[in-house]
Amino acid sequence: MKILITGAKGQVGTDLVLEAKKRNHQVFGFTSTDLDITNKAIVDREVSTIKPDVVINAAAYTAVDKAETEKEKAYAVNETGVKHLAETCKALDIPLLHISTDYVFDGNKKEPYTETDIPNPTSVYGASKLAGEIALQKTWKKYIILRVSWVFGEHGNNFVKTMLRLAKGRDEISVVNDQFGAPTSAKSIAECLLNIADKTNFGKQDFPWGLYHYQSDPGVTWYEFAKEIFSQAKGSGFLDKEMIVHPIGSDQFPTPVKRPLNSKLEGGKINQNLSVPLSEWRSTYLIECLKND
Ligand SMILES: NC(=O)c1ccc[n+]([C@@H]2O[C@H](COP(=O)([O-])OP(=O)(O)OC[C@H]3O[C@@H](n4cnc5c(N)ncnc54)[C@H](OP(=O)(O)O)[C@@H]3O)[C@@H](O)[C@H]2O)c1
């Protein structure tokens with residue numbers, strides 16, 4: 001299968017390219033320099049030249065705090081860029097797989113969010129990502145939107161890398177213990193998207209296109225996630241000391257954008273409609289990420 005991937009140097013994009021190559025697909029991975037999705041002419045040119053069987057959009061403006069002061073830039077990539085891809089894919093009848101986020105929700109619900117819950121973003125980033133979802137849904141019917149959260153992986157910056165870096169200079173750390181979510185590895189997201197792309201009935205009218213939540217189990221707080229990272233790092237010899245982790249409240253770790261208290265997404269629909277099981281982040285994905293740090 002010919003697969004065009006945007007945002008190919010990002011956290012998820014890198015794993016998508018690697019995983020797609022491993023599966024012997026013909027992969028066209030574009031960085032932001034090679035294919036800027038805010039430029040419609042370039043999107044048209046590259047997609048129509050390659051004529052892929054599927055386009056996967058891993059490109060996004062992801063600087064959550066900075067987006068508050070760079071609203072135009074965030075919307076240009078997260079809304080207009082997605083619209084460009086959707087228009088081009090529609091013109092060429094190519095399915096578009098797109099990644100979105102739990103930040104479309106305010107995080108005030110107690111239970112995991114389902115696909116039918118009403119979004120209520122509380123940040124520019126979240127609002128721009130929601131605008132991208134809507135632009136795609138209005139433009140082209142052959143789409144998958146995969147909402148994910150708490151992404152970590154071997155490539156790029158993420159919470160696991162931050163914890164390991166901080167551990168180099170100290171023995172104790174305080175981590176927020178009132179935000180609940182599920183660490184989800186970039187590799188598992190790549191596998192999930194490629195499993196969807198692999199479906200043989202792709203392109204058929206009755207394919208269950210639409211919006212899906214994808215997340216790993218089990219749900220934890222950032223504090224619990226940090227404890228697991230240090231425990232596995234120590235247990236497998238990547239860390240030579242015991243890190244002491246102190247639980248704190250979000251009010252003791254203020255950020256320009258208030259993070260959602262609940263980021264847990266319900267994954268029943270994707271399993272039922274597309275036979276995609278949820279992954280388990282602790283057993284394989286975390287240790288792989290530590291190994292390759
Ligand atoms: N990271 C998380 O915790 C998280 C959580 C929930 C959802 N998500 C979603 O998951 C997806 C992947 O995120 P990620 O963590 O892989 O993000 P990432 O590491 O920041 O990667 C995003 C990529 O998009 C590229 N990009 C930015 N503007 C572009 C443009 N105009 N045209 C083409 N490419 C552009 C960036 O390139 P440059 O670096 O060159 O700008 C970067 O390589 C995104 O849709 C994000 O919203 C992420």
# chains A, B, ... in the order shown; residues from 1 in each chain; ligands from 1
$ residues_around --residues "segment 86-91 of chain A" --least-positions-apart "3" --cutoff "7 Å" --atoms "only C-alpha atoms" --output "list of chain:residue names"
A:Asp44, A:Val82, A:Lys83, A:Ile94, A:Pro95, A:Leu96, A:Leu136, A:Thr139, A:Trp140
$ residues_near_ligand --ligand "ligand 1" --cutoff "8 Å" --atoms "only C-alpha atoms and all ligand atoms" --output "number ranges by chain"
A: 6-14, 30-39, 57-63, 76-78, 81, 98-103, 129, 147-152, 155-158, 186
$ residues_around --residues "segment 274-291 of chain A" --least-positions-apart "6" --cutoff "7 Å" --atoms "only C-alpha atoms" --output "PyMOL selection string"
chain A and resi 153-154+183-185+188+192+214-218+232-233+267
$ atom_distance --atom1 "atom CA of Gly126 of chain A" --atom2 "atom CA of Val47 of chain A"
27.3 Å
$ closest_residue --among "A:Lys258, A:Lys227, A:Lys141, A:Lys234" --to "Phe207 of chain A" --atoms "only C-alpha atoms"
A:Lys141
$ select_by_dssp --residues "segment 91-233 of chain A" --states "strand (DSSP E or B)" --output "count of residues only"
31
$ residues_around --residues "Thr69 of chain A" --least-positions-apart "5" --cutoff "12 Å" --atoms "only C-alpha atoms" --output "list in words"
Ala63, Val64, Ala74, Tyr75, Ser123, Val124, Tyr125, Pro256 and Val257 of chain A
$ write_last_selection --atoms "C-alpha atoms" --output "PDB file, in the first residue's frame"
ATOM      1  CA  ALA A  63       2.742  23.744  21.739  1.00  0.00           C
ATOM      2  CA  VAL A  64      -0.173  23.879  24.177  1.00  0.00           C
ATOM      3  CA  ALA A  74      -2.196  27.124  15.799  1.00  0.00           C
ATOM      4  CA  TYR A  75      -5.384  27.500  13.715  1.00  0.00           C
ATOM      5  CA  SER A 123      -7.437  26.277  25.469  1.00  0.00           C
ATOM      6  CA  VAL A 124      -6.529  27.704  22.065  1.00  0.00           C
ATOM      7  CA  TYR A 125      -4.766  24.430  21.233  1.00  0.00           C
ATOM      8  CA  PRO A 256      -0.307  28.972  31.408  1.00  0.00           C
ATOM      9  CA  VAL A 257      -2.989  26.522  30.218  1.00  0.00           C
TER      10      VAL A 257
END
$ residues_around --residues "Arg23 of chain A" --least-positions-apart "3" --cutoff "12 Å" --atoms "only C-alpha atoms" --output "PDB file with N, CA and C atoms, in the first residue's frame"
ATOM      1  N   MET A   1       0.844  -1.200   0.000  1.00  0.00           N
ATOM      2  CA  MET A   1       0.000   0.000   0.000  1.00  0.00           C
ATOM      3  C   MET A   1       0.885   1.257   0.000  1.00  0.00           C
ATOM      4  N   LYS A   2       0.455   2.278  -0.758  1.00  0.00           N
ATOM      5  CA  LYS A   2       1.200   3.540  -0.801  1.00  0.00           C
ATOM      6  C   LYS A   2       0.627   4.462   0.271  1.00  0.00           C
ATOM      7  N   ILE A   3       1.485   4.888   1.217  1.00  0.00           N
ATOM      8  CA  ILE A   3       0.987   5.712   2.324  1.00  0.00           C
ATOM      9  C   ILE A   3       1.744   7.035   2.383  1.00  0.00           C
ATOM     10  N   LEU A  16       5.174   6.270  12.835  1.00  0.00           N
ATOM     11  CA  LEU A  16       4.331   5.858  11.701  1.00  0.00           C
ATOM     12  C   LEU A  16       5.196   5.440  10.514  1.00  0.00           C
ATOM     13  N   VAL A  17       6.209   6.265  10.211  1.00  0.00           N
ATOM     14  CA  VAL A  17       7.087   5.957   9.077  1.00  0.00           C
ATOM     15  C   VAL A  17       7.818   4.630   9.320  1.00  0.00           C
ATOM     16  N   LEU A  18       8.376   4.481  10.539  1.00  0.00           N
ATOM     17  CA  LEU A  18       9.129   3.257  10.854  1.00  0.00           C
ATOM     18  C   LEU A  18       8.240   2.015  10.766  1.00  0.00           C
ATOM     19  N   GLU A  19       7.057   2.113  11.371  1.00  0.00           N
ATOM     20  CA  GLU A  19       6.149   0.966  11.413  1.00  0.00           C
ATOM     21  C   GLU A  19       5.616   0.627  10.019  1.00  0.00           C
ATOM     22  N   ALA A  20       5.327   1.670   9.225  1.00  0.00           N
ATOM     23  CA  ALA A  20       4.802   1.423   7.868  1.00  0.00           C
ATOM     24  C   ALA A  20       5.874   0.749   7.001  1.00  0.00           C
ATOM     25  N   GLN A  26       4.782   1.156   0.855  1.00  0.00           N
ATOM     26  CA  GLN A  26       5.570   2.166   0.149  1.00  0.00           C
ATOM     27  C   GLN A  26       5.278   3.479   0.867  1.00  0.00           C
ATOM     28  N   VAL A  27       6.297   4.004   1.564  1.00  0.00           N
ATOM     29  CA  VAL A  27       6.041   5.123   2.478  1.00  0.00           C
ATOM     30  C   VAL A  27       6.602   6.441   1.952  1.00  0.00           C
ATOM     31  N   ALA A 190       0.700   4.515  16.093  1.00  0.00           N
ATOM     32  CA  ALA A 190       1.098   4.206  14.713  1.00  0.00           C
ATOM     33  C   ALA A 190       0.548   2.833  14.313  1.00  0.00           C
ATOM     34  N   GLU A 191       0.686   1.864  15.198  1.00  0.00           N
ATOM     35  CA  GLU A 191       0.179   0.516  14.897  1.00  0.00           C
ATOM     36  C   GLU A 191      -1.335   0.544  14.682  1.00  0.00           C
ATOM     37  N   LEU A 194      -2.145   2.160  11.318  1.00  0.00           N
ATOM     38  CA  LEU A 194      -1.786   1.286  10.193  1.00  0.00           C
ATOM     39  C   LEU A 194      -2.680   0.053  10.142  1.00  0.00           C
ATOM     40  N   ASN A 195      -3.142  -0.412  11.304  1.00  0.00           N
ATOM     41  CA  ASN A 195      -4.100  -1.523  11.305  1.00  0.00           C
ATOM     42  C   ASN A 195      -5.393  -1.089  10.616  1.00  0.00           C
ATOM     43  N   ALA A 197      -5.586   1.352   8.360  1.00  0.00           N
ATOM     44  CA  ALA A 197      -5.256   1.530   6.937  1.00  0.00           C
ATOM     45  C   ALA A 197      -5.186   0.188   6.204  1.00  0.00           C
ATOM     46  N   ASP A 198      -4.772  -0.825   6.925  1.00  0.00           N
ATOM     47  CA  ASP A 198      -4.612  -2.168   6.331  1.00  0.00           C
ATOM     48  C   ASP A 198      -5.931  -2.855   5.983  1.00  0.00           C
TER      49      ASP A 198
END
$ closest_residue --among "A:Glu115, A:Asp178, A:Asp53, A:Asp171" --to "Val245 of chain A" --atoms "only C-alpha atoms"
A:Asp171
$ closest_residue --among "A:Asn273, A:Ala226, A:His246, A:Glu133" --to "Lys199 of chain A" --atoms "only C-alpha atoms"
A:Asn273
$ select_by_dssp --residues "segment 34-268 of chain A" --states "alpha helix (DSSP H)" --output "ChimeraX atom specification"
/A:40-50,71-75,82-92,124-139,159-169,186-198,222-235,268
$ residues_around --residues "Phe105 of chain A" --least-positions-apart "6" --cutoff "12 Å" --atoms "only C-alpha atoms" --output "VMD selection string"
chain A and resid 112 to 123 125 to 127 129 to 130 147 to 149 259 to 265
$ write_last_selection --atoms "N, CA, C and O atoms" --output "short mmCIF file (atom, residue, chain, number, x, y, z; two decimals), in the first residue's frame"
data_model
loop_
_atom_site.label_atom_id
_atom_site.label_comp_id
_atom_site.auth_asym_id
_atom_site.auth_seq_id
_atom_site.Cartn_x
_atom_site.Cartn_y
_atom_site.Cartn_z
N PRO A 112 -14.56 8.13 31.85
CA PRO A 112 -13.87 8.32 30.58
C PRO A 112 -14.79 8.96 29.53
O PRO A 112 -15.99 8.69 29.49
N TYR A 113 -14.19 9.80 28.66
CA TYR A 113 -14.98 10.46 27.62
C TYR A 113 -15.29 9.51 26.47
O TYR A 113 -14.42 8.75 26.02
N THR A 114 -16.52 9.57 25.99
CA THR A 114 -16.91 8.78 24.81
C THR A 114 -16.99 9.71 23.60
O THR A 114 -16.97 10.94 23.75
N GLU A 115 -17.14 9.12 22.43
CA GLU A 115 -17.20 9.88 21.18
C GLU A 115 -18.45 10.75 21.12
O GLU A 115 -18.51 11.70 20.33
N THR A 116 -19.47 10.44 21.91
CA THR A 116 -20.70 11.23 21.86
C THR A 116 -20.71 12.37 22.88
O THR A 116 -21.62 13.19 22.89
N ASP A 117 -19.71 12.43 23.74
CA ASP A 117 -19.63 13.55 24.69
C ASP A 117 -19.39 14.86 23.93
O ASP A 117 -18.66 14.89 22.94
N ILE A 118 -20.00 15.93 24.43
CA ILE A 118 -19.89 17.23 23.74
C ILE A 118 -18.55 17.89 24.10
O ILE A 118 -18.26 18.09 25.28
N PRO A 119 -17.74 18.22 23.08
CA PRO A 119 -16.46 18.89 23.37
C PRO A 119 -16.67 20.27 23.98
O PRO A 119 -17.69 20.92 23.74
N ASN A 120 -15.71 20.68 24.76
CA ASN A 120 -15.75 22.02 25.36
C ASN A 120 -14.30 22.42 25.67
O ASN A 120 -13.88 22.44 26.82
N PRO A 121 -13.53 22.74 24.61
CA PRO A 121 -12.11 23.04 24.83
C PRO A 121 -11.91 24.28 25.68
O PRO A 121 -12.69 25.23 25.59
N THR A 122 -10.88 24.24 26.52
CA THR A 122 -10.62 25.38 27.39
C THR A 122 -9.29 26.05 27.04
O THR A 122 -8.80 26.88 27.80
N SER A 123 -8.70 25.67 25.89
CA SER A 123 -7.44 26.28 25.47
C SER A 123 -7.50 26.55 23.97
O SER A 123 -8.32 25.96 23.25
N TYR A 125 -5.19 25.69 21.87
CA TYR A 125 -4.77 24.43 21.23
C TYR A 125 -5.97 23.49 21.06
O TYR A 125 -6.24 22.99 19.96
N GLY A 126 -6.71 23.27 22.15
CA GLY A 126 -7.86 22.36 22.11
C GLY A 126 -8.92 22.86 21.13
O GLY A 126 -9.48 22.06 20.35
N ALA A 127 -9.16 24.18 21.12
CA ALA A 127 -10.17 24.74 20.22
C ALA A 127 -9.72 24.61 18.76
O ALA A 127 -10.53 24.32 17.88
N LYS A 129 -7.75 22.29 17.54
CA LYS A 129 -7.83 20.88 17.15
C LYS A 129 -9.30 20.49 16.88
O LYS A 129 -9.59 19.74 15.96
N LEU A 130 -10.21 21.02 17.70
CA LEU A 130 -11.63 20.75 17.47
C LEU A 130 -12.06 21.36 16.12
O LEU A 130 -12.79 20.72 15.35
N ARG A 147 -8.79 10.29 18.31
CA ARG A 147 -8.42 11.15 19.45
C ARG A 147 -7.55 10.35 20.41
O ARG A 147 -7.94 9.24 20.81
N VAL A 148 -6.40 10.91 20.75
CA VAL A 148 -5.48 10.24 21.68
C VAL A 148 -5.09 11.23 22.78
O VAL A 148 -5.40 12.41 22.70
N SER A 149 -4.38 10.73 23.79
CA SER A 149 -3.91 11.63 24.85
C SER A 149 -2.63 11.11 25.49
O SER A 149 -2.26 9.95 25.29
N ARG A 259 -4.38 22.19 32.69
CA ARG A 259 -4.56 20.87 32.06
C ARG A 259 -5.88 20.23 32.52
O ARG A 259 -6.29 20.42 33.68
N PRO A 260 -6.52 19.43 31.64
CA PRO A 260 -7.76 18.75 32.03
C PRO A 260 -7.51 17.81 33.22
O PRO A 260 -6.49 17.13 33.25
N LEU A 261 -8.44 17.77 34.16
CA LEU A 261 -8.28 16.86 35.30
C LEU A 261 -8.54 15.41 34.86
O LEU A 261 -7.98 14.48 35.42
N ASN A 262 -9.42 15.25 33.89
CA ASN A 262 -9.70 13.90 33.38
C ASN A 262 -9.42 13.84 31.88
O ASN A 262 -10.06 14.52 31.09
N SER A 263 -8.43 13.04 31.49
CA SER A 263 -8.06 12.90 30.08
C SER A 263 -8.38 11.49 29.59
O SER A 263 -7.93 11.08 28.52
N LYS A 264 -9.10 10.72 30.38
CA LYS A 264 -9.34 9.32 30.02
C LYS A 264 -10.39 9.24 28.91
O LYS A 264 -11.45 9.85 28.98
N LEU A 265 -10.03 8.49 27.86
CA LEU A 265 -10.93 8.31 26.72
C LEU A 265 -11.45 6.87 26.72
O LEU A 265 -10.68 5.94 26.95
#
$ closest_residue --among "A:Gly249, A:Ile196, A:Phe238, A:Pro52" --to "Val175 of chain A" --atoms "only C-alpha atoms"
A:Gly249
$ atom_distance --atom1 "atom CA of Asn271 of chain A" --atom2 "atom CA of Pro208 of chain A"
11.8 Å
$ decode --residues "segment 28-39 of chain A" --atoms "all heavy atoms" --output "short mmCIF file (atom, residue, chain, number, x, y, z; two decimals), in the first residue's frame"
data_model
loop_
_atom_site.label_atom_id
_atom_site.label_comp_id
_atom_site.auth_asym_id
_atom_site.auth_seq_id
_atom_site.Cartn_x
_atom_site.Cartn_y
_atom_site.Cartn_z
N PHE A 28 5.77 7.47 1.99
CA PHE A 28 6.21 8.82 1.63
C PHE A 28 6.02 9.69 2.86
O PHE A 28 4.92 10.17 3.13
CB PHE A 28 5.39 9.35 0.44
CG PHE A 28 5.57 8.53 -0.80
CD1 PHE A 28 4.83 7.36 -0.99
CD2 PHE A 28 6.52 8.88 -1.75
CE1 PHE A 28 5.01 6.57 -2.12
CE2 PHE A 28 6.71 8.10 -2.89
CZ PHE A 28 5.94 6.95 -3.07
N GLY A 29 7.09 9.85 3.64
CA GLY A 29 7.01 10.64 4.87
C GLY A 29 7.49 12.06 4.61
O GLY A 29 8.61 12.26 4.14
N PHE A 30 6.65 13.03 4.91
CA PHE A 30 7.00 14.43 4.66
C PHE A 30 7.17 15.21 5.96
O PHE A 30 6.31 15.18 6.83
CB PHE A 30 5.89 15.12 3.85
CG PHE A 30 5.88 14.73 2.40
CD1 PHE A 30 5.08 13.68 1.97
CD2 PHE A 30 6.66 15.41 1.48
CE1 PHE A 30 5.06 13.32 0.63
CE2 PHE A 30 6.65 15.05 0.14
CZ PHE A 30 5.84 14.00 -0.28
N THR A 31 8.28 15.94 6.07
CA THR A 31 8.46 16.83 7.21
C THR A 31 7.74 18.14 6.91
O THR A 31 7.26 18.35 5.79
CB THR A 31 9.96 17.14 7.42
OG1 THR A 31 10.41 17.91 6.30
CG2 THR A 31 10.78 15.87 7.55
N SER A 32 7.74 19.04 7.89
CA SER A 32 7.06 20.33 7.70
C SER A 32 7.74 21.16 6.61
O SER A 32 7.11 21.99 5.96
CB SER A 32 7.04 21.11 9.01
OG SER A 32 8.36 21.31 9.47
N THR A 33 9.03 20.92 6.40
CA THR A 33 9.75 21.66 5.36
C THR A 33 9.37 21.15 3.97
O THR A 33 9.23 21.93 3.03
CB THR A 33 11.29 21.49 5.54
OG1 THR A 33 11.57 21.40 6.92
CG2 THR A 33 12.06 22.61 4.91
N ASP A 34 9.22 19.84 3.86
CA ASP A 34 8.90 19.26 2.54
C ASP A 34 7.44 19.43 2.16
O ASP A 34 7.09 19.54 0.99
CB ASP A 34 9.19 17.74 2.53
CG ASP A 34 10.60 17.44 2.94
OD1 ASP A 34 11.47 18.25 2.65
OD2 ASP A 34 10.81 16.37 3.57
N LEU A 35 6.57 19.37 3.16
CA LEU A 35 5.14 19.50 2.87
C LEU A 35 4.49 20.26 4.02
O LEU A 35 4.19 19.70 5.07
CB LEU A 35 4.48 18.12 2.71
CG LEU A 35 3.12 18.06 2.00
CD1 LEU A 35 2.71 16.63 1.74
CD2 LEU A 35 2.01 18.78 2.74
N ASP A 36 4.34 21.57 3.80
CA ASP A 36 3.71 22.43 4.79
C ASP A 36 2.20 22.38 4.53
O ASP A 36 1.73 22.85 3.49
CB ASP A 36 4.26 23.86 4.62
CG ASP A 36 3.61 24.85 5.57
OD1 ASP A 36 2.62 24.48 6.25
OD2 ASP A 36 4.08 26.00 5.62
N ILE A 37 1.46 21.81 5.47
CA ILE A 37 0.02 21.59 5.19
C ILE A 37 -0.78 22.90 5.15
O ILE A 37 -1.93 22.90 4.74
CB ILE A 37 -0.63 20.57 6.17
CG1 ILE A 37 -0.59 21.05 7.62
CG2 ILE A 37 0.01 19.19 6.02
CD1 ILE A 37 -1.45 20.21 8.56
N THR A 38 -0.17 24.00 5.59
CA THR A 38 -0.88 25.28 5.49
C THR A 38 -0.83 25.83 4.06
O THR A 38 -1.48 26.82 3.75
CB THR A 38 -0.30 26.34 6.47
OG1 THR A 38 1.03 26.67 6.06
CG2 THR A 38 -0.27 25.83 7.90
N ASN A 39 -0.04 25.20 3.20
CA ASN A 39 0.10 25.64 1.82
C ASN A 39 -0.68 24.69 0.89
O ASN A 39 -0.23 23.59 0.58
CB ASN A 39 1.59 25.66 1.45
CG ASN A 39 1.84 26.26 0.08
OD1 ASN A 39 1.03 26.11 -0.83
ND2 ASN A 39 2.97 26.93 -0.06
#
